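Source file: coords.txt (compact mmCIF, N, CA and C atoms)
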```txt
# COMPACT_ATOMS: atom_id res chain seq x y z
N MET A 541 -8.06 19.08 -21.47
CA MET A 541 -7.10 18.70 -20.46
C MET A 541 -7.82 17.95 -19.36
N GLU A 542 -7.03 17.18 -18.62
CA GLU A 542 -7.56 16.42 -17.49
C GLU A 542 -6.73 16.76 -16.26
N ILE A 543 -7.40 16.82 -15.12
CA ILE A 543 -6.70 17.09 -13.86
C ILE A 543 -7.03 15.97 -12.88
N TRP A 544 -5.98 15.35 -12.36
CA TRP A 544 -6.14 14.32 -11.34
C TRP A 544 -6.16 15.01 -9.99
N ILE A 545 -7.24 14.80 -9.25
CA ILE A 545 -7.38 15.49 -7.97
C ILE A 545 -7.85 14.56 -6.86
N ASN A 546 -7.62 15.02 -5.66
CA ASN A 546 -8.24 14.52 -4.44
C ASN A 546 -9.03 15.73 -3.93
N PRO A 547 -10.36 15.66 -3.88
CA PRO A 547 -11.15 16.83 -3.49
C PRO A 547 -10.80 17.39 -2.11
N GLY A 548 -10.22 16.58 -1.24
CA GLY A 548 -9.84 17.05 0.09
C GLY A 548 -8.52 17.80 0.13
N CYS A 549 -7.86 17.91 -1.00
CA CYS A 549 -6.53 18.52 -1.08
C CYS A 549 -6.65 20.01 -1.42
N SER A 550 -6.04 20.85 -0.61
CA SER A 550 -6.12 22.30 -0.84
C SER A 550 -5.41 22.70 -2.14
N LYS A 551 -4.32 22.04 -2.50
CA LYS A 551 -3.61 22.36 -3.75
C LYS A 551 -4.49 22.02 -4.95
N CYS A 552 -5.24 20.94 -4.84
CA CYS A 552 -6.16 20.55 -5.92
C CYS A 552 -7.28 21.59 -6.08
N ARG A 553 -7.84 22.00 -4.96
CA ARG A 553 -8.91 23.01 -5.02
C ARG A 553 -8.38 24.33 -5.57
N ALA A 554 -7.16 24.70 -5.21
CA ALA A 554 -6.57 25.93 -5.74
C ALA A 554 -6.35 25.83 -7.24
N ALA A 555 -5.88 24.68 -7.71
CA ALA A 555 -5.68 24.49 -9.15
C ALA A 555 -7.01 24.58 -9.89
N LEU A 556 -8.05 23.97 -9.36
CA LEU A 556 -9.37 24.05 -9.99
C LEU A 556 -9.87 25.49 -10.04
N SER A 557 -9.63 26.25 -8.99
CA SER A 557 -10.04 27.66 -8.97
C SER A 557 -9.36 28.45 -10.07
N ILE A 558 -8.07 28.20 -10.28
CA ILE A 558 -7.35 28.90 -11.35
C ILE A 558 -7.90 28.49 -12.71
N LEU A 559 -8.11 27.21 -12.92
CA LEU A 559 -8.66 26.74 -14.20
C LEU A 559 -10.03 27.35 -14.45
N ASP A 560 -10.86 27.40 -13.41
CA ASP A 560 -12.19 28.00 -13.55
C ASP A 560 -12.10 29.49 -13.84
N ALA A 561 -11.21 30.19 -13.16
CA ALA A 561 -11.05 31.63 -13.39
C ALA A 561 -10.59 31.93 -14.80
N GLU A 562 -9.83 31.01 -15.37
CA GLU A 562 -9.33 31.18 -16.75
C GLU A 562 -10.30 30.58 -17.77
N ASP A 563 -11.42 30.07 -17.30
CA ASP A 563 -12.44 29.46 -18.16
C ASP A 563 -11.84 28.35 -19.02
N ALA A 564 -10.95 27.58 -18.42
CA ALA A 564 -10.30 26.47 -19.13
C ALA A 564 -11.25 25.28 -19.19
N GLY A 565 -11.22 24.60 -20.29
CA GLY A 565 -11.99 23.37 -20.42
C GLY A 565 -11.17 22.22 -19.87
N TYR A 566 -11.74 21.47 -18.95
CA TYR A 566 -11.00 20.36 -18.35
C TYR A 566 -11.97 19.30 -17.85
N THR A 567 -11.42 18.12 -17.64
CA THR A 567 -12.14 17.01 -17.05
C THR A 567 -11.47 16.68 -15.73
N VAL A 568 -12.27 16.43 -14.71
CA VAL A 568 -11.75 16.07 -13.39
C VAL A 568 -11.70 14.56 -13.28
N ARG A 569 -10.58 14.07 -12.80
CA ARG A 569 -10.46 12.66 -12.46
C ARG A 569 -10.13 12.57 -10.98
N ARG A 570 -11.05 12.05 -10.22
CA ARG A 570 -10.82 11.80 -8.79
C ARG A 570 -10.05 10.50 -8.70
N TYR A 571 -8.74 10.63 -8.73
CA TYR A 571 -7.89 9.47 -8.94
C TYR A 571 -7.90 8.45 -7.79
N LEU A 572 -8.43 8.84 -6.63
CA LEU A 572 -8.58 7.85 -5.56
C LEU A 572 -9.79 6.96 -5.80
N GLU A 573 -10.80 7.51 -6.50
CA GLU A 573 -12.00 6.76 -6.83
C GLU A 573 -11.86 6.02 -8.16
N ALA A 574 -11.09 6.59 -9.08
CA ALA A 574 -10.84 5.99 -10.39
C ALA A 574 -9.32 5.95 -10.60
N PRO A 575 -8.66 5.01 -9.90
CA PRO A 575 -7.19 4.97 -9.94
C PRO A 575 -6.64 4.74 -11.35
N PRO A 576 -5.54 5.39 -11.65
CA PRO A 576 -4.90 5.15 -12.94
C PRO A 576 -4.21 3.79 -12.95
N SER A 577 -4.17 3.19 -14.11
CA SER A 577 -3.48 1.92 -14.28
C SER A 577 -1.97 2.18 -14.32
N ALA A 578 -1.21 1.11 -14.23
CA ALA A 578 0.24 1.24 -14.35
C ALA A 578 0.61 1.86 -15.70
N ALA A 579 -0.10 1.48 -16.75
CA ALA A 579 0.17 2.04 -18.09
C ALA A 579 -0.11 3.54 -18.12
N GLU A 580 -1.20 3.96 -17.48
CA GLU A 580 -1.52 5.40 -17.44
C GLU A 580 -0.47 6.16 -16.63
N ILE A 581 -0.01 5.58 -15.54
CA ILE A 581 1.02 6.24 -14.73
C ILE A 581 2.31 6.34 -15.54
N ARG A 582 2.66 5.29 -16.24
CA ARG A 582 3.86 5.30 -17.08
C ARG A 582 3.76 6.41 -18.13
N ASP A 583 2.60 6.54 -18.76
CA ASP A 583 2.39 7.59 -19.77
C ASP A 583 2.53 8.97 -19.16
N VAL A 584 1.92 9.19 -18.00
CA VAL A 584 2.00 10.50 -17.35
C VAL A 584 3.45 10.80 -16.94
N LEU A 585 4.15 9.82 -16.44
CA LEU A 585 5.56 10.03 -16.08
C LEU A 585 6.39 10.42 -17.30
N ASP A 586 6.14 9.75 -18.42
CA ASP A 586 6.85 10.09 -19.65
C ASP A 586 6.54 11.53 -20.06
N ARG A 587 5.29 11.91 -19.95
CA ARG A 587 4.88 13.28 -20.30
C ARG A 587 5.47 14.30 -19.35
N LEU A 588 5.59 13.93 -18.08
CA LEU A 588 6.17 14.82 -17.07
C LEU A 588 7.69 14.89 -17.18
N GLY A 589 8.29 13.84 -17.74
CA GLY A 589 9.74 13.75 -17.75
C GLY A 589 10.30 13.44 -16.37
N LEU A 590 9.52 12.70 -15.58
CA LEU A 590 9.91 12.38 -14.20
C LEU A 590 9.93 10.87 -13.99
N GLU A 591 10.48 10.48 -12.87
CA GLU A 591 10.49 9.08 -12.45
C GLU A 591 9.40 8.89 -11.41
N PRO A 592 8.95 7.65 -11.19
CA PRO A 592 7.84 7.44 -10.24
C PRO A 592 8.16 7.92 -8.83
N TRP A 593 9.39 7.78 -8.40
CA TRP A 593 9.75 8.24 -7.04
C TRP A 593 9.67 9.75 -6.93
N ASP A 594 9.73 10.46 -8.08
CA ASP A 594 9.60 11.93 -8.07
C ASP A 594 8.18 12.39 -7.75
N ILE A 595 7.19 11.53 -8.01
CA ILE A 595 5.80 11.93 -7.76
C ILE A 595 5.17 11.10 -6.64
N THR A 596 6.00 10.46 -5.84
CA THR A 596 5.50 9.62 -4.75
C THR A 596 5.45 10.43 -3.45
N ARG A 597 4.30 10.37 -2.81
CA ARG A 597 4.10 11.04 -1.52
C ARG A 597 4.64 10.12 -0.42
N THR A 598 5.91 10.26 -0.13
CA THR A 598 6.56 9.36 0.82
C THR A 598 6.16 9.61 2.27
N GLY A 599 5.45 10.69 2.54
CA GLY A 599 4.99 10.97 3.89
C GLY A 599 3.70 10.28 4.26
N GLU A 600 3.07 9.60 3.29
CA GLU A 600 1.81 8.90 3.57
C GLU A 600 2.08 7.66 4.44
N THR A 601 1.10 7.31 5.24
CA THR A 601 1.21 6.15 6.13
C THR A 601 1.54 4.88 5.36
N VAL A 602 0.90 4.68 4.23
CA VAL A 602 1.14 3.47 3.44
C VAL A 602 2.58 3.44 2.93
N ALA A 603 3.17 4.58 2.66
CA ALA A 603 4.57 4.64 2.21
C ALA A 603 5.49 4.12 3.32
N ALA A 604 5.21 4.54 4.54
CA ALA A 604 6.01 4.07 5.68
C ALA A 604 5.83 2.57 5.87
N ARG A 605 4.58 2.13 5.76
CA ARG A 605 4.28 0.71 5.94
C ARG A 605 5.01 -0.14 4.90
N LEU A 606 5.11 0.37 3.67
CA LEU A 606 5.78 -0.35 2.59
C LEU A 606 7.30 -0.16 2.61
N GLY A 607 7.78 0.77 3.42
CA GLY A 607 9.21 1.02 3.50
C GLY A 607 9.78 1.71 2.27
N LEU A 608 8.99 2.57 1.63
CA LEU A 608 9.41 3.20 0.38
C LEU A 608 10.70 4.01 0.50
N ASP A 609 10.95 4.57 1.66
CA ASP A 609 12.19 5.34 1.83
C ASP A 609 13.43 4.49 1.55
N GLY A 610 13.31 3.18 1.73
CA GLY A 610 14.44 2.29 1.50
C GLY A 610 14.49 1.66 0.12
N TRP A 611 13.47 1.95 -0.72
CA TRP A 611 13.45 1.36 -2.05
C TRP A 611 14.50 2.03 -2.95
N PRO A 612 15.19 1.24 -3.78
CA PRO A 612 16.16 1.82 -4.71
C PRO A 612 15.47 2.74 -5.73
N ARG A 613 16.17 3.79 -6.07
CA ARG A 613 15.63 4.76 -7.04
C ARG A 613 16.49 4.74 -8.30
N GLU A 614 16.49 3.59 -8.93
CA GLU A 614 17.22 3.39 -10.17
C GLU A 614 16.28 2.85 -11.23
N THR A 615 16.66 3.05 -12.48
CA THR A 615 15.80 2.70 -13.61
C THR A 615 15.30 1.26 -13.55
N GLU A 616 16.15 0.34 -13.13
CA GLU A 616 15.72 -1.06 -13.12
C GLU A 616 14.62 -1.34 -12.09
N HIS A 617 14.34 -0.39 -11.19
CA HIS A 617 13.28 -0.54 -10.20
C HIS A 617 12.04 0.29 -10.53
N ARG A 618 12.07 0.93 -11.69
CA ARG A 618 10.98 1.83 -12.10
C ARG A 618 9.62 1.13 -12.11
N ASP A 619 9.55 -0.06 -12.68
CA ASP A 619 8.27 -0.77 -12.78
C ASP A 619 7.69 -1.10 -11.40
N ARG A 620 8.55 -1.43 -10.46
CA ARG A 620 8.08 -1.71 -9.09
C ARG A 620 7.44 -0.47 -8.49
N TRP A 621 8.07 0.68 -8.68
CA TRP A 621 7.52 1.94 -8.17
C TRP A 621 6.19 2.25 -8.85
N ILE A 622 6.13 2.09 -10.16
CA ILE A 622 4.89 2.37 -10.90
C ILE A 622 3.77 1.48 -10.39
N GLN A 623 4.06 0.21 -10.17
CA GLN A 623 3.03 -0.70 -9.69
C GLN A 623 2.53 -0.30 -8.30
N VAL A 624 3.42 0.14 -7.42
CA VAL A 624 2.97 0.54 -6.09
C VAL A 624 2.09 1.78 -6.18
N LEU A 625 2.37 2.68 -7.12
CA LEU A 625 1.50 3.85 -7.31
C LEU A 625 0.13 3.43 -7.84
N ALA A 626 0.11 2.45 -8.73
CA ALA A 626 -1.17 1.95 -9.25
C ALA A 626 -1.96 1.23 -8.16
N ASP A 627 -1.26 0.48 -7.33
CA ASP A 627 -1.92 -0.26 -6.24
C ASP A 627 -2.37 0.64 -5.09
N HIS A 628 -1.66 1.75 -4.90
CA HIS A 628 -1.93 2.67 -3.78
C HIS A 628 -1.94 4.11 -4.30
N PRO A 629 -3.00 4.51 -5.01
CA PRO A 629 -3.01 5.83 -5.65
C PRO A 629 -2.87 7.00 -4.68
N VAL A 630 -3.12 6.79 -3.41
CA VAL A 630 -2.94 7.86 -2.43
C VAL A 630 -1.48 8.33 -2.42
N LEU A 631 -0.59 7.51 -2.92
CA LEU A 631 0.83 7.85 -2.96
C LEU A 631 1.19 8.80 -4.10
N ILE A 632 0.27 9.03 -5.03
CA ILE A 632 0.56 9.87 -6.19
C ILE A 632 0.44 11.34 -5.81
N GLN A 633 1.50 12.09 -6.12
CA GLN A 633 1.49 13.53 -5.89
C GLN A 633 0.32 14.16 -6.66
N ARG A 634 -0.23 15.20 -6.13
CA ARG A 634 -1.40 15.83 -6.74
C ARG A 634 -1.34 17.34 -6.62
N PRO A 635 -2.07 18.02 -7.45
CA PRO A 635 -2.78 17.56 -8.65
C PRO A 635 -1.82 17.40 -9.82
N ILE A 636 -2.24 16.59 -10.77
CA ILE A 636 -1.50 16.43 -12.02
C ILE A 636 -2.44 16.82 -13.15
N ILE A 637 -1.95 17.69 -14.02
CA ILE A 637 -2.71 18.11 -15.20
C ILE A 637 -2.05 17.52 -16.43
N THR A 638 -2.86 16.89 -17.27
CA THR A 638 -2.39 16.44 -18.58
C THR A 638 -3.13 17.26 -19.63
N THR A 639 -2.39 17.68 -20.65
CA THR A 639 -2.98 18.53 -21.68
C THR A 639 -3.20 17.75 -22.97
N ASP A 640 -4.07 18.28 -23.79
CA ASP A 640 -4.40 17.61 -25.05
C ASP A 640 -3.21 17.55 -26.00
N ASP A 641 -2.24 18.44 -25.83
CA ASP A 641 -1.08 18.44 -26.73
C ASP A 641 0.06 17.54 -26.23
N GLY A 642 -0.21 16.74 -25.19
CA GLY A 642 0.77 15.76 -24.73
C GLY A 642 1.63 16.18 -23.57
N ARG A 643 1.45 17.38 -23.06
CA ARG A 643 2.23 17.82 -21.91
C ARG A 643 1.55 17.38 -20.63
N ALA A 644 2.30 17.45 -19.54
CA ALA A 644 1.75 17.19 -18.21
C ALA A 644 2.54 18.02 -17.22
N VAL A 645 1.90 18.32 -16.10
CA VAL A 645 2.54 19.12 -15.06
C VAL A 645 1.98 18.71 -13.70
N VAL A 646 2.87 18.64 -12.71
CA VAL A 646 2.43 18.50 -11.33
C VAL A 646 2.07 19.92 -10.91
N ALA A 647 0.79 20.16 -10.70
CA ALA A 647 0.25 21.52 -10.59
C ALA A 647 0.09 21.97 -9.14
N ARG A 648 1.16 21.95 -8.38
CA ARG A 648 1.09 22.32 -6.97
C ARG A 648 1.26 23.82 -6.74
N THR A 649 1.65 24.54 -7.78
CA THR A 649 1.79 25.99 -7.66
C THR A 649 0.95 26.67 -8.73
N GLU A 650 0.66 27.95 -8.50
CA GLU A 650 -0.10 28.71 -9.49
C GLU A 650 0.65 28.75 -10.82
N GLU A 651 1.97 28.92 -10.76
CA GLU A 651 2.78 28.98 -11.97
C GLU A 651 2.69 27.67 -12.76
N ALA A 652 2.71 26.55 -12.06
CA ALA A 652 2.61 25.26 -12.73
C ALA A 652 1.25 25.11 -13.41
N VAL A 653 0.18 25.50 -12.71
CA VAL A 653 -1.15 25.42 -13.31
C VAL A 653 -1.21 26.29 -14.56
N ARG A 654 -0.71 27.50 -14.46
CA ARG A 654 -0.75 28.42 -15.61
C ARG A 654 0.10 27.91 -16.77
N SER A 655 1.17 27.18 -16.48
CA SER A 655 2.00 26.64 -17.56
C SER A 655 1.22 25.61 -18.39
N ALA A 656 0.27 24.94 -17.77
CA ALA A 656 -0.57 23.98 -18.50
C ALA A 656 -1.54 24.69 -19.44
N LEU A 657 -1.80 25.97 -19.18
CA LEU A 657 -2.74 26.73 -20.00
C LEU A 657 -2.09 27.35 -21.23
N MET A 658 -0.77 27.33 -21.29
CA MET A 658 -0.06 27.96 -22.39
C MET A 658 0.00 27.10 -23.62
```

I'd like the structure from this file rewritten - as structure tokens, please.
Amino acid sequence: MEIWINPGCSKCRAALSILDAEDAGYTVRRYLEAPPSAAEIRDVLDRLGLEPWDITRTGETVAARLGLDGWPRETEHRDRWIQVLADHPVLIQRPIITTDDGRAVVARTEEAVRSALM
């Protein structure tokens, strides 16, 4: 499994602690240093069963600067949202865990992290 993290994020550190306590095998991706491509974001969204606006951190300064609160949240605008996440990875909700069996989870709670281990 792989976990996308920002080391400065307390939710990310908590998720790593749970994975370590469970002796889970995982790879860390510091997604601000190694941003995912639009194709990778599209794949993760498909695995999550979510839309890009569902995983966008709209409280970030760059979100306000881009006016994301006013962007349409309809399927025909999906690619625009995905591209903004690829261009500004700080906007991606974290942590995200992808599993070897094709699942993915936004791992902001202990329950979500544990669901990736099942």

Q) atom N of Gly565 (chain A) and atom C of Ile632 (chain A), how far apart in Å? A)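 Atom-to-atom, atom C of Ile632 (chain A) to atom N of Gly565 (chain A), that is 22.8 Å.
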
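Closest to Val568 (chain A) among A:Gln633, A:Asn546, A:Thr649, A:Gln623 is A:Asn546, based on only C-alpha atoms.
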
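Restricting the calculation to all atoms listed in the file, the smallest distance between Thr638 (chain A) and any of A:Ala626, A:Cys549, A:Val584, A:Arg618 is found for A:Val584.
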
Closest pair table for region 613-651 of chain A residues within 8 Å of region 599-607 of chain A, only N, CA and C atoms, as CSV:
```
residue,atom,partner,partner_atom,distance
A:His628,CA,A:Val602,CA,7.9
A:Val630,C,A:Glu600,CA,6.9
A:Leu631,CA,A:Glu600,CA,6.7
```

(Q) Can you measure CA of Glu542 (chain A) to CA of Ala564 (chain A) for me? One decimal in Å is fine. (A)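 Value for the CA of Glu542 (chain A)-CA of Ala564 (chain A) distance: 10.5 Å.
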
Residues within 7 Å of Tyr571 (chain A), please, as a PDB file with N, CA and C atoms, keeping the file's coordinate frame. Count only C-alpha atoms; anything in the same chain fewer than 4 positions from it doesn't count.
```
ATOM      1  N   TRP A 544      -5.980  15.350 -12.360  1.00  0.00           N
ATOM      2  CA  TRP A 544      -6.140  14.320 -11.340  1.00  0.00           C
ATOM      3  C   TRP A 544      -6.160  15.010  -9.990  1.00  0.00           C
ATOM      4  N   ILE A 545      -7.240  14.800  -9.250  1.00  0.00           N
ATOM      5  CA  ILE A 545      -7.380  15.490  -7.970  1.00  0.00           C
ATOM      6  C   ILE A 545      -7.850  14.560  -6.860  1.00  0.00           C
ATOM      7  N   ASN A 546      -7.620  15.020  -5.660  1.00  0.00           N
ATOM      8  CA  ASN A 546      -8.240  14.520  -4.440  1.00  0.00           C
ATOM      9  C   ASN A 546      -9.030  15.730  -3.930  1.00  0.00           C
ATOM     10  N   PRO A 575      -8.660   5.010  -9.900  1.00  0.00           N
ATOM     11  CA  PRO A 575      -7.190   4.970  -9.940  1.00  0.00           C
ATOM     12  C   PRO A 575      -6.640   4.740 -11.350  1.00  0.00           C
ATOM     13  N   PRO A 576      -5.540   5.390 -11.650  1.00  0.00           N
ATOM     14  CA  PRO A 576      -4.900   5.150 -12.940  1.00  0.00           C
ATOM     15  C   PRO A 576      -4.210   3.790 -12.950  1.00  0.00           C
ATOM     16  N   PRO A 629      -3.000   4.510  -5.010  1.00  0.00           N
ATOM     17  CA  PRO A 629      -3.010   5.830  -5.650  1.00  0.00           C
ATOM     18  C   PRO A 629      -2.870   7.000  -4.680  1.00  0.00           C
TER      19      PRO A 629
END
```

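You will find CA of Glu573 (chain A) at 16.5 Å from atom N of Ser550 (chain A).
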
**Q.** Residue nearest Ile636 (chain A) - candidates A:Ala579, A:Cys552, A:Arg613, A:Gly589, atoms counted: only N, CA and C atoms
**A.** A:Cys552

Could you add N, CA, C and O atoms to region 561-586 of chain A and give me the result as a PDB file, in the coordinates of the input?
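So out.pdb came out as:
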```pdb
ATOM      1  N   ALA A 561     -11.210  30.190 -13.160  1.00  0.00           N
ATOM      2  CA  ALA A 561     -11.050  31.630 -13.390  1.00  0.00           C
ATOM      3  C   ALA A 561     -10.590  31.930 -14.800  1.00  0.00           C
ATOM      4  O   ALA A 561     -10.937  32.967 -15.376  1.00  0.00           O
ATOM      5  N   GLU A 562      -9.830  31.010 -15.370  1.00  0.00           N
ATOM      6  CA  GLU A 562      -9.330  31.180 -16.750  1.00  0.00           C
ATOM      7  C   GLU A 562     -10.300  30.580 -17.770  1.00  0.00           C
ATOM      8  O   GLU A 562     -10.015  30.590 -18.961  1.00  0.00           O
ATOM      9  N   ASP A 563     -11.420  30.070 -17.300  1.00  0.00           N
ATOM     10  CA  ASP A 563     -12.440  29.460 -18.160  1.00  0.00           C
ATOM     11  C   ASP A 563     -11.840  28.350 -19.020  1.00  0.00           C
ATOM     12  O   ASP A 563     -12.170  28.202 -20.207  1.00  0.00           O
ATOM     13  N   ALA A 564     -10.950  27.580 -18.420  1.00  0.00           N
ATOM     14  CA  ALA A 564     -10.300  26.470 -19.130  1.00  0.00           C
ATOM     15  C   ALA A 564     -11.250  25.280 -19.190  1.00  0.00           C
ATOM     16  O   ALA A 564     -11.973  25.001 -18.236  1.00  0.00           O
ATOM     17  N   GLY A 565     -11.220  24.600 -20.290  1.00  0.00           N
ATOM     18  CA  GLY A 565     -11.990  23.370 -20.420  1.00  0.00           C
ATOM     19  C   GLY A 565     -11.170  22.220 -19.870  1.00  0.00           C
ATOM     20  O   GLY A 565     -10.019  22.039 -20.247  1.00  0.00           O
ATOM     21  N   TYR A 566     -11.740  21.470 -18.950  1.00  0.00           N
ATOM     22  CA  TYR A 566     -11.000  20.360 -18.350  1.00  0.00           C
ATOM     23  C   TYR A 566     -11.970  19.300 -17.850  1.00  0.00           C
ATOM     24  O   TYR A 566     -13.159  19.560 -17.651  1.00  0.00           O
ATOM     25  N   THR A 567     -11.420  18.120 -17.640  1.00  0.00           N
ATOM     26  CA  THR A 567     -12.140  17.010 -17.050  1.00  0.00           C
ATOM     27  C   THR A 567     -11.470  16.680 -15.730  1.00  0.00           C
ATOM     28  O   THR A 567     -10.243  16.670 -15.648  1.00  0.00           O
ATOM     29  N   VAL A 568     -12.270  16.430 -14.710  1.00  0.00           N
ATOM     30  CA  VAL A 568     -11.750  16.070 -13.390  1.00  0.00           C
ATOM     31  C   VAL A 568     -11.700  14.560 -13.280  1.00  0.00           C
ATOM     32  O   VAL A 568     -12.659  13.866 -13.615  1.00  0.00           O
ATOM     33  N   ARG A 569     -10.580  14.070 -12.800  1.00  0.00           N
ATOM     34  CA  ARG A 569     -10.460  12.660 -12.460  1.00  0.00           C
ATOM     35  C   ARG A 569     -10.130  12.570 -10.980  1.00  0.00           C
ATOM     36  O   ARG A 569      -9.066  12.997 -10.540  1.00  0.00           O
ATOM     37  N   ARG A 570     -11.050  12.050 -10.220  1.00  0.00           N
ATOM     38  CA  ARG A 570     -10.820  11.800  -8.790  1.00  0.00           C
ATOM     39  C   ARG A 570     -10.050  10.500  -8.700  1.00  0.00           C
ATOM     40  O   ARG A 570     -10.629   9.429  -8.648  1.00  0.00           O
ATOM     41  N   TYR A 571      -8.740  10.630  -8.730  1.00  0.00           N
ATOM     42  CA  TYR A 571      -7.890   9.470  -8.940  1.00  0.00           C
ATOM     43  C   TYR A 571      -7.900   8.450  -7.790  1.00  0.00           C
ATOM     44  O   TYR A 571      -7.472   7.317  -7.981  1.00  0.00           O
ATOM     45  N   LEU A 572      -8.430   8.840  -6.630  1.00  0.00           N
ATOM     46  CA  LEU A 572      -8.580   7.850  -5.560  1.00  0.00           C
ATOM     47  C   LEU A 572      -9.790   6.960  -5.800  1.00  0.00           C
ATOM     48  O   LEU A 572      -9.813   5.803  -5.396  1.00  0.00           O
ATOM     49  N   GLU A 573     -10.800   7.510  -6.500  1.00  0.00           N
ATOM     50  CA  GLU A 573     -12.000   6.760  -6.830  1.00  0.00           C
ATOM     51  C   GLU A 573     -11.860   6.020  -8.160  1.00  0.00           C
ATOM     52  O   GLU A 573     -12.483   4.979  -8.363  1.00  0.00           O
ATOM     53  N   ALA A 574     -11.090   6.590  -9.080  1.00  0.00           N
ATOM     54  CA  ALA A 574     -10.840   5.990 -10.390  1.00  0.00           C
ATOM     55  C   ALA A 574      -9.320   5.950 -10.600  1.00  0.00           C
ATOM     56  O   ALA A 574      -8.761   6.759 -11.328  1.00  0.00           O
ATOM     57  N   PRO A 575      -8.660   5.010  -9.900  1.00  0.00           N
ATOM     58  CA  PRO A 575      -7.190   4.970  -9.940  1.00  0.00           C
ATOM     59  C   PRO A 575      -6.640   4.740 -11.350  1.00  0.00           C
ATOM     60  O   PRO A 575      -7.209   3.967 -12.118  1.00  0.00           O
ATOM     61  N   PRO A 576      -5.540   5.390 -11.650  1.00  0.00           N
ATOM     62  CA  PRO A 576      -4.900   5.150 -12.940  1.00  0.00           C
ATOM     63  C   PRO A 576      -4.210   3.790 -12.950  1.00  0.00           C
ATOM     64  O   PRO A 576      -3.750   3.303 -11.912  1.00  0.00           O
ATOM     65  N   SER A 577      -4.170   3.190 -14.110  1.00  0.00           N
ATOM     66  CA  SER A 577      -3.480   1.920 -14.280  1.00  0.00           C
ATOM     67  C   SER A 577      -1.970   2.180 -14.320  1.00  0.00           C
ATOM     68  O   SER A 577      -1.519   3.319 -14.461  1.00  0.00           O
ATOM     69  N   ALA A 578      -1.210   1.110 -14.230  1.00  0.00           N
ATOM     70  CA  ALA A 578       0.240   1.240 -14.350  1.00  0.00           C
ATOM     71  C   ALA A 578       0.610   1.860 -15.700  1.00  0.00           C
ATOM     72  O   ALA A 578       1.503   2.705 -15.773  1.00  0.00           O
ATOM     73  N   ALA A 579      -0.100   1.480 -16.750  1.00  0.00           N
ATOM     74  CA  ALA A 579       0.170   2.040 -18.090  1.00  0.00           C
ATOM     75  C   ALA A 579      -0.110   3.540 -18.120  1.00  0.00           C
ATOM     76  O   ALA A 579       0.652   4.313 -18.718  1.00  0.00           O
ATOM     77  N   GLU A 580      -1.200   3.960 -17.480  1.00  0.00           N
ATOM     78  CA  GLU A 580      -1.520   5.400 -17.440  1.00  0.00           C
ATOM     79  C   GLU A 580      -0.470   6.160 -16.630  1.00  0.00           C
ATOM     80  O   GLU A 580      -0.079   7.270 -17.012  1.00  0.00           O
ATOM     81  N   ILE A 581      -0.010   5.580 -15.540  1.00  0.00           N
ATOM     82  CA  ILE A 581       1.020   6.240 -14.730  1.00  0.00           C
ATOM     83  C   ILE A 581       2.310   6.340 -15.540  1.00  0.00           C
ATOM     84  O   ILE A 581       2.956   7.391 -15.549  1.00  0.00           O
ATOM     85  N   ARG A 582       2.660   5.290 -16.240  1.00  0.00           N
ATOM     86  CA  ARG A 582       3.860   5.300 -17.080  1.00  0.00           C
ATOM     87  C   ARG A 582       3.760   6.410 -18.130  1.00  0.00           C
ATOM     88  O   ARG A 582       4.719   7.161 -18.351  1.00  0.00           O
ATOM     89  N   ASP A 583       2.600   6.540 -18.760  1.00  0.00           N
ATOM     90  CA  ASP A 583       2.390   7.590 -19.770  1.00  0.00           C
ATOM     91  C   ASP A 583       2.530   8.970 -19.160  1.00  0.00           C
ATOM     92  O   ASP A 583       3.206   9.840 -19.720  1.00  0.00           O
ATOM     93  N   VAL A 584       1.920   9.190 -18.000  1.00  0.00           N
ATOM     94  CA  VAL A 584       2.000  10.500 -17.350  1.00  0.00           C
ATOM     95  C   VAL A 584       3.450  10.800 -16.940  1.00  0.00           C
ATOM     96  O   VAL A 584       3.915  11.923 -17.117  1.00  0.00           O
ATOM     97  N   LEU A 585       4.150   9.820 -16.440  1.00  0.00           N
ATOM     98  CA  LEU A 585       5.560  10.030 -16.080  1.00  0.00           C
ATOM     99  C   LEU A 585       6.390  10.420 -17.300  1.00  0.00           C
ATOM    100  O   LEU A 585       7.222  11.323 -17.225  1.00  0.00           O
ATOM    101  N   ASP A 586       6.140   9.750 -18.420  1.00  0.00           N
ATOM    102  CA  ASP A 586       6.850  10.090 -19.650  1.00  0.00           C
ATOM    103  C   ASP A 586       6.540  11.530 -20.060  1.00  0.00           C
ATOM    104  O   ASP A 586       7.430  12.278 -20.462  1.00  0.00           O
TER     105      ASP A 586
END
```
